[in-house]
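Report on one structure; see the data block that follows.
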Amino acid sequence: MAIHIKSAAEIQKMRISGIALRQVHDAVKAVVRPGATTMDLERAAEAKVKELGATSAFKGYHGFPAVLCTSLNHEVIHGIPNEKCVLKEGDVVSVDCGVIIDGYYSDAAVTHAVGEVSDAAKKLLRVTEASLYAAIDKAVEGGRLFDISYAVQQMCEAEGFGVVREFVGHGIGKNMHEDPQVPNYGTPGKGPRLKVGMVLAIEPMINAGTAEVKVLEDGWTAITTDGSISAHFEHTVAITKDGPAILTL
């Protein structure tokens, strides 16, 4: 495993990329409401990426056709925006996006409630997002990679939620996916030692039911096998001498 350590200058470039990505997410959030299609979200993202002079990290990546991954309800990740997919009151939709600026990638995801959602959906979103921040708190010099992983697992499994195993977070920098992989489960105190200059995309993918997922025939969309809803939150995080720095705020 070759983990690329970034210089302060590289991390600053990634921060610029991350700030742009947050503006894309803000543009999408403004469009999320009952009656909007996932293609409406895609158009908002594409327009904002263009306006910012950024490049989509997703469109064309291994043939993926869109700027966003829009995953609705029981879809876990990698859902493809679609004119026919209309958001309804009570839905949850995860929006995952990445951009490239000056050769450096940023990657972030957020799951939105569409209108008023059930208490069960609210809890899933709240706990999943909280687990992301618990994991980020473990992204410190001298710690171990699986300290990050275990923080997610411990919080989410305590609430009876399923922690997806098939998909993981990742290192990020001049490439979308770099070493190391960052699972959302693991044994604390294990894994590579965390060093200043590592940059990680930490991304809990949590199901209301079991952890099992399967990929649909489109080759992209992953869904829960039991039909339960799923949530996904992600930030790009740098390990610095002053602690974790979230680059996608």
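For the structure tokens, the naming scheme is as follows: chains receive sequential letters (A, B, ...) according to their order of presentation, residues are indexed from 1 within each chain, and ligands are indexed from 1 in presentation order.
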**OP:** Would you list the contacts of A:Pro81 as a list in words, taking every protein, DNA or RNA residue within 9 Å and counting only C-alpha atoms, but skipping same-chain residues closer than 6 positions in sequence?
**Re:** Thr37, Thr38, Met39, Asp40, Leu41, Glu42, Pro65, Ala66, Val67, Leu68, Cys69, Thr70 and Ser71 of chain A
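Counting only C-alpha atoms, A:His62 has the following residues at most 12 Å away, ignoring those fewer than 6 positions along the same chain: Met176, His177, Gly219 and Trp220 of chain A.
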Original post:
Got a sec to tell me which of stretch 47-235 of chain A DSSP assigns to alpha helix (DSSP H), as a ChimeraX atom specification?
Top reply: /A:47-51,119-136,145-158
**OP:** Can you check which residues of stretch 1-248 of chain A DSSP gives as strand (DSSP E or B) on the backbone and send them as an MDAnalysis selection string?
**Re:** chainID A and resid 37 55:56 68:72 75:77 86 92:101 104:113 144 162:163 169:171 178:182 193 199:202 205:207 213:215 222:224 230:232 234:240 243:246
May I have the residues from that selection written out with C-alpha atoms, as a CSV table (one decimal), in the first residue's frame?
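Output below, filename again.csv:
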```csv
chain,number,residue,atom,x,y,z
A,37,THR,CA,-36.4,14.9,-10.4
A,55,THR,CA,-14.2,19.6,-13.6
A,56,SER,CA,-16.6,16.8,-12.6
A,68,LEU,CA,-23.8,13.3,-9.3
A,69,CYS,CA,-24.7,10.0,-7.8
A,70,THR,CA,-28.3,10.4,-6.6
A,71,SER,CA,-29.4,7.4,-4.5
A,72,LEU,CA,-33.0,7.3,-3.4
A,75,GLU,CA,-30.5,2.9,-3.0
A,76,VAL,CA,-27.2,3.0,-1.1
A,77,ILE,CA,-24.8,4.6,-3.6
A,86,VAL,CA,-39.4,12.2,-9.1
A,92,VAL,CA,-34.4,10.5,1.4
A,93,VAL,CA,-31.9,11.1,-1.3
A,94,SER,CA,-28.2,10.8,-1.0
A,95,VAL,CA,-26.2,13.2,-3.2
A,96,ASP,CA,-22.5,12.3,-3.8
A,97,CYS,CA,-20.3,14.5,-5.9
A,98,GLY,CA,-16.6,15.2,-6.6
A,99,VAL,CA,-14.8,17.9,-8.4
A,100,ILE,CA,-11.3,18.5,-9.7
A,101,ILE,CA,-9.6,21.9,-9.5
A,104,TYR,CA,-6.7,18.0,-7.1
A,105,TYR,CA,-9.8,16.1,-6.2
A,106,SER,CA,-12.4,16.6,-3.5
A,107,ASP,CA,-15.3,14.2,-2.7
A,108,ALA,CA,-18.3,14.7,-0.4
A,109,ALA,CA,-21.8,13.3,0.1
A,110,VAL,CA,-24.9,14.3,2.0
A,111,THR,CA,-28.3,12.6,2.4
A,112,HIS,CA,-31.2,15.0,2.2
A,113,ALA,CA,-34.7,14.6,3.7
A,144,ARG,CA,-4.6,4.0,13.5
A,162,GLY,CA,-26.4,-2.2,9.1
A,163,VAL,CA,-22.8,-1.0,8.3
A,169,GLY,CA,-13.9,5.3,1.9
A,170,HIS,CA,-10.5,6.0,0.4
A,171,GLY,CA,-7.4,8.1,0.2
A,178,GLU,CA,-5.9,6.3,-3.6
A,179,ASP,CA,-4.6,4.1,-0.8
A,180,PRO,CA,-5.6,3.4,1.9
A,181,GLN,CA,-9.1,2.0,1.7
A,182,VAL,CA,-11.1,3.3,4.7
A,193,ARG,CA,-0.4,4.5,11.4
A,199,VAL,CA,-6.0,12.9,3.1
A,200,LEU,CA,-8.9,10.6,3.4
A,201,ALA,CA,-12.5,10.5,2.0
A,202,ILE,CA,-14.4,9.2,5.0
A,205,MET,CA,-22.8,4.2,4.2
A,206,ILE,CA,-25.4,2.9,6.7
A,207,ASN,CA,-28.6,0.9,6.2
A,213,VAL,CA,-26.4,-4.8,-0.6
A,214,LYS,CA,-26.5,-5.8,-4.2
A,215,VAL,CA,-25.7,-3.9,-7.5
A,222,ALA,CA,-26.2,-0.4,-5.2
A,223,ILE,CA,-29.4,-1.1,-3.2
A,224,THR,CA,-30.2,-2.7,0.2
A,230,SER,CA,-29.9,3.9,3.4
A,231,ALA,CA,-27.9,7.0,4.3
A,232,HIS,CA,-24.5,8.3,3.1
A,234,GLU,CA,-18.9,12.0,3.3
A,235,HIS,CA,-16.2,14.6,3.8
A,236,THR,CA,-12.6,14.9,2.5
A,237,VAL,CA,-10.4,15.2,5.5
A,238,ALA,CA,-6.7,16.0,5.9
A,239,ILE,CA,-4.6,14.9,8.9
A,240,THR,CA,-2.7,17.9,10.1
A,243,GLY,CA,-5.8,17.7,14.1
A,244,PRO,CA,-8.3,16.7,11.4
A,245,ALA,CA,-9.1,19.4,8.8
A,246,ILE,CA,-12.3,19.0,6.9
```
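Taking atom CA of A:Lys13 and atom CA of A:Asn175 as endpoints, the distance between them is 13.3 Å.
In this comparison, which uses only C-alpha atoms, the residue of A:Gly79, A:Gly142, A:Gly227, A:Gly209 approaching A:Phe161 most closely is A:Gly209.
Taking atom CA of A:Pro204 and atom CA of A:Lys123 as the two end points, the separation is 14.6 Å.
Straight-line separation from atom CA of A:Phe64 to atom CA of A:Arg165: 21.9 Å.
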Original post:
For A:Arg33, which of A:Ala47, A:Val117, A:Val127, A:Met1 is the closest residue, counting only C-alpha atoms?
Top reply: A:Val117
